[in-house]
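Have a look at query_34.txt; it's compact mmCIF, N, CA and C atoms:
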```txt
# COMPACT_ATOMS: atom_id res chain seq x y z
N MET A 25 -28.19 3.32 91.64
CA MET A 25 -28.58 3.03 93.00
C MET A 25 -27.90 1.75 93.45
N GLY A 26 -27.53 1.65 94.67
CA GLY A 26 -26.87 0.45 95.14
C GLY A 26 -27.77 -0.35 96.05
N GLY A 27 -27.67 -1.66 95.97
CA GLY A 27 -28.41 -2.55 96.85
C GLY A 27 -27.56 -2.84 98.06
N GLU A 28 -28.08 -3.63 98.96
CA GLU A 28 -27.34 -3.97 100.17
C GLU A 28 -26.05 -4.71 99.86
N ARG A 29 -26.05 -5.50 98.79
CA ARG A 29 -24.86 -6.28 98.44
C ARG A 29 -24.02 -5.58 97.38
N GLY A 30 -24.28 -4.31 97.11
CA GLY A 30 -23.48 -3.56 96.16
C GLY A 30 -23.97 -3.66 94.73
N GLU A 31 -25.11 -4.32 94.47
CA GLU A 31 -25.61 -4.42 93.11
C GLU A 31 -26.36 -3.14 92.75
N ALA A 32 -26.41 -2.86 91.47
CA ALA A 32 -27.22 -1.74 91.01
C ALA A 32 -28.68 -2.16 91.08
N ARG A 33 -29.53 -1.23 91.42
CA ARG A 33 -30.96 -1.51 91.51
C ARG A 33 -31.72 -0.41 90.78
N ALA A 34 -32.76 -0.80 90.12
CA ALA A 34 -33.69 0.16 89.53
C ALA A 34 -34.89 0.22 90.45
N LYS A 35 -35.56 1.35 90.48
CA LYS A 35 -36.72 1.48 91.35
C LYS A 35 -37.87 0.67 90.77
N PRO A 36 -38.40 -0.30 91.53
CA PRO A 36 -39.53 -1.09 91.02
C PRO A 36 -40.76 -0.21 90.82
N GLU A 37 -41.50 -0.52 89.77
CA GLU A 37 -42.74 0.20 89.48
C GLU A 37 -43.84 -0.30 90.42
N PRO A 38 -44.81 0.55 90.74
CA PRO A 38 -45.93 0.10 91.56
C PRO A 38 -46.66 -1.03 90.83
N MET A 39 -47.14 -1.98 91.61
CA MET A 39 -47.81 -3.13 91.03
C MET A 39 -49.25 -2.76 90.69
N GLY A 40 -49.66 -3.03 89.46
CA GLY A 40 -51.05 -2.90 89.03
C GLY A 40 -51.46 -4.26 88.52
N SER A 41 -52.56 -4.32 87.83
CA SER A 41 -52.93 -5.60 87.25
C SER A 41 -51.95 -5.93 86.13
N GLN A 42 -51.82 -7.19 85.80
CA GLN A 42 -50.90 -7.64 84.76
C GLN A 42 -51.18 -6.89 83.45
N SER A 43 -52.45 -6.75 83.07
CA SER A 43 -52.78 -6.09 81.81
C SER A 43 -52.48 -4.60 81.86
N GLU A 44 -52.60 -3.97 83.03
CA GLU A 44 -52.27 -2.55 83.14
C GLU A 44 -50.79 -2.30 82.96
N ARG A 45 -49.96 -3.18 83.51
CA ARG A 45 -48.51 -3.00 83.44
C ARG A 45 -47.96 -3.37 82.09
N ARG A 46 -48.50 -4.40 81.46
CA ARG A 46 -47.96 -4.89 80.20
C ARG A 46 -48.38 -3.98 79.07
N GLN A 47 -47.41 -3.43 78.37
CA GLN A 47 -47.70 -2.51 77.28
C GLN A 47 -47.39 -3.14 75.92
N SER A 48 -46.71 -4.25 75.90
CA SER A 48 -46.31 -4.89 74.66
C SER A 48 -46.73 -6.35 74.66
N ALA A 49 -47.11 -6.83 73.48
CA ALA A 49 -47.46 -8.25 73.34
C ALA A 49 -46.22 -9.09 73.60
N ARG A 50 -46.44 -10.28 74.15
CA ARG A 50 -45.35 -11.21 74.43
C ARG A 50 -45.39 -12.34 73.42
N TYR A 51 -44.20 -12.79 73.02
CA TYR A 51 -44.07 -13.85 72.03
C TYR A 51 -43.21 -14.97 72.62
N PRO A 52 -43.71 -16.21 72.56
CA PRO A 52 -42.91 -17.32 73.09
C PRO A 52 -41.55 -17.40 72.39
N LEU A 53 -40.53 -17.62 73.19
CA LEU A 53 -39.16 -17.75 72.66
C LEU A 53 -38.40 -18.66 73.61
N ASP A 54 -37.78 -19.68 73.08
CA ASP A 54 -36.95 -20.58 73.87
C ASP A 54 -35.51 -20.34 73.46
N SER A 55 -34.78 -19.64 74.30
CA SER A 55 -33.39 -19.29 73.98
C SER A 55 -32.57 -19.23 75.26
N GLY A 56 -31.32 -19.58 75.16
CA GLY A 56 -30.42 -19.49 76.30
C GLY A 56 -30.15 -18.04 76.65
N LEU A 57 -29.77 -17.82 77.90
CA LEU A 57 -29.54 -16.48 78.42
C LEU A 57 -28.35 -16.52 79.37
N VAL A 58 -27.48 -15.54 79.26
CA VAL A 58 -26.41 -15.35 80.23
C VAL A 58 -26.65 -14.01 80.89
N ALA A 59 -26.69 -13.99 82.22
CA ALA A 59 -26.93 -12.77 82.98
C ALA A 59 -25.74 -12.50 83.89
N ARG A 60 -25.39 -11.22 83.99
CA ARG A 60 -24.34 -10.78 84.90
C ARG A 60 -24.88 -9.61 85.71
N PRO A 61 -24.95 -9.75 87.03
CA PRO A 61 -25.45 -8.65 87.85
C PRO A 61 -24.57 -7.42 87.73
N ALA A 62 -25.21 -6.25 87.63
CA ALA A 62 -24.47 -4.99 87.61
C ALA A 62 -23.67 -4.90 88.90
N GLY A 63 -22.45 -4.51 88.80
CA GLY A 63 -21.58 -4.43 89.97
C GLY A 63 -20.84 -5.72 90.25
N HIS A 64 -21.23 -6.80 89.59
CA HIS A 64 -20.59 -8.11 89.75
C HIS A 64 -20.49 -8.79 88.39
N ARG A 65 -19.90 -8.10 87.42
CA ARG A 65 -19.85 -8.59 86.04
C ARG A 65 -19.09 -9.91 85.91
N ASP A 66 -18.29 -10.25 86.93
CA ASP A 66 -17.56 -11.52 86.88
C ASP A 66 -18.45 -12.70 87.26
N ARG A 67 -19.62 -12.45 87.84
CA ARG A 67 -20.56 -13.51 88.21
C ARG A 67 -21.44 -13.83 86.99
N VAL A 68 -21.43 -15.07 86.56
CA VAL A 68 -22.20 -15.49 85.39
C VAL A 68 -23.35 -16.38 85.85
N ILE A 69 -24.56 -16.01 85.45
CA ILE A 69 -25.76 -16.77 85.78
C ILE A 69 -26.41 -17.19 84.46
N ARG A 70 -26.71 -18.46 84.34
CA ARG A 70 -27.35 -18.95 83.11
C ARG A 70 -28.84 -19.13 83.33
N GLY A 71 -29.59 -18.95 82.25
CA GLY A 71 -31.03 -19.10 82.32
C GLY A 71 -31.61 -19.39 80.95
N ARG A 72 -32.95 -19.42 80.86
CA ARG A 72 -33.68 -19.65 79.61
C ARG A 72 -34.75 -18.60 79.46
N ILE A 73 -34.81 -18.01 78.29
CA ILE A 73 -35.88 -17.06 77.97
C ILE A 73 -37.15 -17.85 77.69
N LEU A 74 -38.26 -17.39 78.23
CA LEU A 74 -39.57 -18.00 78.00
C LEU A 74 -40.38 -17.21 76.98
N ASP A 75 -40.31 -15.88 77.06
CA ASP A 75 -40.99 -15.06 76.07
C ASP A 75 -40.32 -13.70 75.98
N LEU A 76 -40.62 -13.02 74.87
CA LEU A 76 -39.98 -11.75 74.53
C LEU A 76 -41.05 -10.74 74.17
N SER A 77 -40.84 -9.48 74.54
CA SER A 77 -41.69 -8.38 74.10
C SER A 77 -40.78 -7.23 73.69
N ARG A 78 -41.37 -6.18 73.18
CA ARG A 78 -40.58 -5.01 72.78
C ARG A 78 -39.96 -4.31 73.99
N ALA A 79 -40.53 -4.54 75.17
CA ALA A 79 -40.08 -3.84 76.37
C ALA A 79 -39.26 -4.70 77.33
N GLY A 80 -39.26 -6.03 77.12
CA GLY A 80 -38.53 -6.89 78.04
C GLY A 80 -38.73 -8.36 77.73
N LEU A 81 -38.47 -9.19 78.72
CA LEU A 81 -38.61 -10.63 78.52
C LEU A 81 -38.89 -11.29 79.86
N SER A 82 -39.34 -12.54 79.80
CA SER A 82 -39.42 -13.33 81.02
C SER A 82 -38.48 -14.51 80.83
N ALA A 83 -37.90 -14.92 81.94
CA ALA A 83 -36.90 -15.98 81.88
C ALA A 83 -36.89 -16.76 83.18
N VAL A 84 -36.45 -17.99 83.08
CA VAL A 84 -36.17 -18.80 84.26
C VAL A 84 -34.68 -18.66 84.52
N ILE A 85 -34.35 -18.19 85.71
CA ILE A 85 -32.95 -17.96 86.09
C ILE A 85 -32.75 -18.55 87.47
N ALA A 86 -31.81 -19.47 87.59
CA ALA A 86 -31.56 -20.15 88.87
C ALA A 86 -30.67 -19.29 89.76
N ALA A 87 -31.26 -18.20 90.26
CA ALA A 87 -30.53 -17.30 91.15
C ALA A 87 -31.54 -16.55 92.00
N ASP A 88 -31.10 -16.04 93.13
CA ASP A 88 -31.95 -15.27 94.02
C ASP A 88 -31.78 -13.79 93.68
N LEU A 89 -32.61 -13.29 92.79
CA LEU A 89 -32.56 -11.89 92.37
C LEU A 89 -33.68 -11.13 93.05
N GLN A 90 -33.47 -9.86 93.26
CA GLN A 90 -34.46 -9.01 93.94
C GLN A 90 -35.07 -8.03 92.96
N LEU A 91 -36.29 -7.58 93.26
CA LEU A 91 -36.92 -6.55 92.44
C LEU A 91 -35.99 -5.34 92.36
N GLY A 92 -35.81 -4.84 91.15
CA GLY A 92 -34.95 -3.68 90.94
C GLY A 92 -33.52 -4.02 90.59
N ASP A 93 -33.08 -5.28 90.80
CA ASP A 93 -31.72 -5.66 90.40
C ASP A 93 -31.54 -5.42 88.90
N VAL A 94 -30.40 -4.88 88.53
CA VAL A 94 -30.09 -4.64 87.12
C VAL A 94 -29.08 -5.69 86.67
N LEU A 95 -29.37 -6.29 85.52
CA LEU A 95 -28.53 -7.35 84.97
C LEU A 95 -28.06 -6.96 83.57
N GLU A 96 -26.86 -7.38 83.23
CA GLU A 96 -26.40 -7.33 81.85
C GLU A 96 -26.78 -8.68 81.25
N LEU A 97 -27.56 -8.65 80.16
CA LEU A 97 -28.03 -9.88 79.53
C LEU A 97 -27.35 -10.09 78.19
N GLN A 98 -27.08 -11.34 77.90
CA GLN A 98 -26.58 -11.72 76.58
C GLN A 98 -27.43 -12.90 76.12
N PHE A 99 -28.03 -12.77 74.92
CA PHE A 99 -28.92 -13.82 74.44
C PHE A 99 -29.03 -13.76 72.92
N GLY A 100 -29.46 -14.86 72.35
CA GLY A 100 -29.67 -14.93 70.92
C GLY A 100 -31.11 -14.63 70.56
N LEU A 101 -31.28 -14.09 69.36
CA LEU A 101 -32.61 -13.81 68.83
C LEU A 101 -32.74 -14.45 67.45
N PRO A 102 -33.98 -14.79 67.07
CA PRO A 102 -34.17 -15.35 65.73
C PRO A 102 -33.67 -14.38 64.66
N TYR A 103 -32.97 -14.91 63.72
CA TYR A 103 -32.48 -14.16 62.56
C TYR A 103 -31.42 -13.11 62.90
N ALA A 104 -30.88 -13.14 64.11
CA ALA A 104 -29.80 -12.22 64.48
C ALA A 104 -28.48 -12.94 64.31
N ALA A 105 -27.54 -12.28 63.66
CA ALA A 105 -26.24 -12.90 63.39
C ALA A 105 -25.39 -13.05 64.65
N LYS A 106 -25.52 -12.10 65.58
CA LYS A 106 -24.71 -12.12 66.80
C LYS A 106 -25.61 -12.06 68.03
N PRO A 107 -25.11 -12.54 69.17
CA PRO A 107 -25.89 -12.41 70.41
C PRO A 107 -26.14 -10.94 70.75
N VAL A 108 -27.24 -10.68 71.40
CA VAL A 108 -27.62 -9.34 71.83
C VAL A 108 -27.08 -9.11 73.23
N LEU A 109 -26.58 -7.93 73.49
CA LEU A 109 -26.09 -7.54 74.81
C LEU A 109 -26.90 -6.34 75.26
N MET A 110 -27.68 -6.51 76.35
CA MET A 110 -28.56 -5.44 76.85
C MET A 110 -28.59 -5.47 78.36
N GLU A 111 -29.08 -4.38 78.94
CA GLU A 111 -29.33 -4.34 80.38
C GLU A 111 -30.82 -4.43 80.62
N ALA A 112 -31.19 -5.06 81.74
CA ALA A 112 -32.59 -5.18 82.12
C ALA A 112 -32.69 -5.17 83.63
N ALA A 113 -33.83 -4.69 84.11
CA ALA A 113 -34.11 -4.65 85.55
C ALA A 113 -35.18 -5.67 85.89
N VAL A 114 -35.03 -6.32 87.04
CA VAL A 114 -36.03 -7.26 87.51
C VAL A 114 -37.26 -6.45 87.93
N CYS A 115 -38.40 -6.71 87.27
CA CYS A 115 -39.62 -5.97 87.61
C CYS A 115 -40.66 -6.86 88.28
N ASN A 116 -40.55 -8.18 88.14
CA ASN A 116 -41.40 -9.07 88.91
C ASN A 116 -40.75 -10.44 89.01
N ARG A 117 -41.28 -11.22 89.93
CA ARG A 117 -40.67 -12.52 90.19
C ARG A 117 -41.72 -13.47 90.74
N GLU A 118 -41.67 -14.70 90.25
CA GLU A 118 -42.49 -15.78 90.80
C GLU A 118 -41.60 -17.00 90.85
N GLY A 119 -41.09 -17.32 92.03
CA GLY A 119 -40.10 -18.39 92.15
C GLY A 119 -38.83 -17.99 91.40
N TYR A 120 -38.44 -18.83 90.45
CA TYR A 120 -37.25 -18.53 89.64
C TYR A 120 -37.62 -18.01 88.26
N ARG A 121 -38.89 -17.66 88.07
CA ARG A 121 -39.31 -17.02 86.83
C ARG A 121 -39.32 -15.51 87.06
N TYR A 122 -38.56 -14.80 86.23
CA TYR A 122 -38.39 -13.37 86.40
C TYR A 122 -38.93 -12.60 85.21
N GLY A 123 -39.56 -11.47 85.49
CA GLY A 123 -39.92 -10.50 84.46
C GLY A 123 -38.82 -9.45 84.43
N LEU A 124 -38.24 -9.25 83.27
CA LEU A 124 -37.12 -8.31 83.12
C LEU A 124 -37.49 -7.23 82.12
N GLU A 125 -37.32 -5.98 82.52
CA GLU A 125 -37.62 -4.84 81.66
C GLU A 125 -36.30 -4.26 81.15
N PHE A 126 -36.21 -4.10 79.82
CA PHE A 126 -35.00 -3.53 79.24
C PHE A 126 -34.81 -2.10 79.71
N VAL A 127 -33.55 -1.74 80.00
CA VAL A 127 -33.21 -0.37 80.41
C VAL A 127 -32.07 0.13 79.53
N ARG A 128 -32.01 1.44 79.35
CA ARG A 128 -30.96 2.08 78.55
C ARG A 128 -30.78 1.38 77.20
N VAL A 129 -31.86 1.29 76.44
CA VAL A 129 -31.84 0.58 75.16
C VAL A 129 -31.44 1.54 74.05
N ALA A 130 -30.37 1.21 73.34
CA ALA A 130 -29.93 2.01 72.20
C ALA A 130 -30.87 1.75 71.02
N PRO A 131 -31.06 2.73 70.14
CA PRO A 131 -31.96 2.55 68.99
C PRO A 131 -31.66 1.30 68.14
N PRO A 132 -30.38 0.96 67.86
CA PRO A 132 -30.16 -0.27 67.08
C PRO A 132 -30.61 -1.53 67.82
N GLN A 133 -30.45 -1.55 69.13
CA GLN A 133 -30.92 -2.69 69.93
C GLN A 133 -32.44 -2.79 69.87
N GLN A 134 -33.11 -1.64 70.02
CA GLN A 134 -34.57 -1.64 69.98
C GLN A 134 -35.09 -2.10 68.63
N GLU A 135 -34.43 -1.68 67.57
CA GLU A 135 -34.82 -2.11 66.22
C GLU A 135 -34.68 -3.62 66.07
N LEU A 136 -33.63 -4.19 66.61
CA LEU A 136 -33.43 -5.64 66.55
C LEU A 136 -34.51 -6.37 67.35
N ILE A 137 -34.84 -5.86 68.52
CA ILE A 137 -35.92 -6.45 69.33
C ILE A 137 -37.25 -6.35 68.58
N ASN A 138 -37.53 -5.18 68.01
CA ASN A 138 -38.78 -4.99 67.27
C ASN A 138 -38.89 -5.96 66.10
N ARG A 139 -37.80 -6.12 65.34
CA ARG A 139 -37.81 -7.05 64.20
C ARG A 139 -38.02 -8.48 64.67
N SER A 140 -37.38 -8.85 65.77
CA SER A 140 -37.53 -10.20 66.30
C SER A 140 -38.97 -10.45 66.75
N CYS A 141 -39.59 -9.47 67.41
CA CYS A 141 -40.98 -9.62 67.84
C CYS A 141 -41.90 -9.74 66.62
N ALA A 142 -41.64 -8.96 65.58
CA ALA A 142 -42.45 -9.06 64.36
C ALA A 142 -42.32 -10.44 63.73
N SER A 143 -41.11 -10.98 63.71
CA SER A 143 -40.89 -12.32 63.16
C SER A 143 -41.59 -13.38 64.00
N LEU A 144 -41.49 -13.26 65.31
CA LEU A 144 -42.14 -14.22 66.21
C LEU A 144 -43.66 -14.13 66.11
N ALA A 145 -44.19 -12.94 65.84
CA ALA A 145 -45.64 -12.78 65.69
C ALA A 145 -46.15 -13.57 64.49
N LEU A 146 -45.36 -13.66 63.46
CA LEU A 146 -45.75 -14.41 62.26
C LEU A 146 -45.80 -15.91 62.52
N LEU A 147 -45.08 -16.37 63.53
CA LEU A 147 -45.02 -17.80 63.84
C LEU A 147 -46.15 -18.24 64.76
N ARG A 148 -46.92 -17.32 65.27
CA ARG A 148 -48.01 -17.65 66.20
C ARG A 148 -49.08 -18.47 65.54
```
Using the file provided, produce a representation of the structure as structure tokens.
Amino acid sequence: MGGERGEARAKPEPMGSQSERRQSARYPLDSGLVARPAGHRDRVIRGRILDLSRAGLSAVIAADLQLGDVLELQFGLPYAAKPVLMEAAVCNREGYRYGLEFVRVAPPQQELINRSCASLALLR
């Protein structure tokens, strides 16, 4: 789907209560993030991950993103040898804090996210 500015957009989910929408536990994580909007891969936006779940993450990103925008994300995870490269859609926003839901996740990527969440759960 295309946005007004040519970016890819995912259809935002209807808003319910926070607990109804959240299906996975969140784990605090402080890690750098590089985001590239779909359709504008040459544009680099830097941010910080605040927490991680099996389905997505929240991050502070100094950019004006819209609900449904799809981003290519690159970020580090605990105990991962290389940075992770994934796509995520903006599913909520409060100022510059964004909720991002992973999209088109390959099984090896999901396994890495699951292992990272399990490791972070032990640190709680």
Item to complete: Using all atoms listed in the file, pick whichever of A:Arg78, A:Leu124, A:Ala112, A:Gly100 has the shortest atom-to-atom distance to Ile137 of chain A.
Response: A:Arg78
Practice prompt. Identify all residues of chain A in strand (DSSP E or B) (DSSP on the backbone) and supply them as a PyMOL selection string.
Written response: chain A and resi 26+32-33+51-61+69-76+80-85+93-99+108-118+121-127
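Nearest-residue note for Leu91 of chain A: choosing from A:Arg65, A:Arg117, A:Arg148, A:Arg139, the minimum distance belongs to A:Arg117, counting only C-alpha atoms.
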Item to complete: One decimal, Å: what's the distance from atom N of Gly119 of chain A over to atom CA of Ser143 of chain A, could you say?
Response: 29.3 Å
Item to complete: Name the closest residue to Leu76 of chain A among the candidates A:Phe126, A:Tyr120, A:Phe99, A:Tyr51; distances are taken between atoms, counting only C-alpha atoms.
Response: A:Tyr51
Worksheet item: Near Pro61 of chain A, within 7 Å and counting only C-alpha atoms, which residues show up once chain neighbours fewer than 4 positions away are dropped, as an MDAnalysis selection string?
Response: chainID A and resid 31 65 67 94:96
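Using all atoms listed in the file, the nearest neighbour of Gln98 of chain A within the list A:Leu57, A:Leu146, A:Leu81, A:Cys141 is A:Leu57.
For the atom pair formed by atom N of His64 of chain A and atom C of Asp93 of chain A, the distance is 10.4 Å, given to one decimal.
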Discussion item. Using all atoms listed in the file, can you tell me which of A:Val84, A:Gln133, A:Arg121, A:Ser55 comes closest to Val108 of chain A?
Written reply: A:Gln133
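If you look at atom CA of Val68 of chain A and atom C of Ala104 of chain A, they are 22.1 Å away from each other.
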Discussion item. Could you go through segment 50-138 of chain A and tell me which residues DSSP, when run on the backbone, assigns to helix (DSSP H, G or I), listing them as a PyMOL selection string?
Written reply: chain A and resi 131-138
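Shortest atom-to-atom contact with Val127 of chain A among A:Ile85, A:Leu53, A:Met110, A:Ala59: A:Met110, counting all atoms listed in the file.
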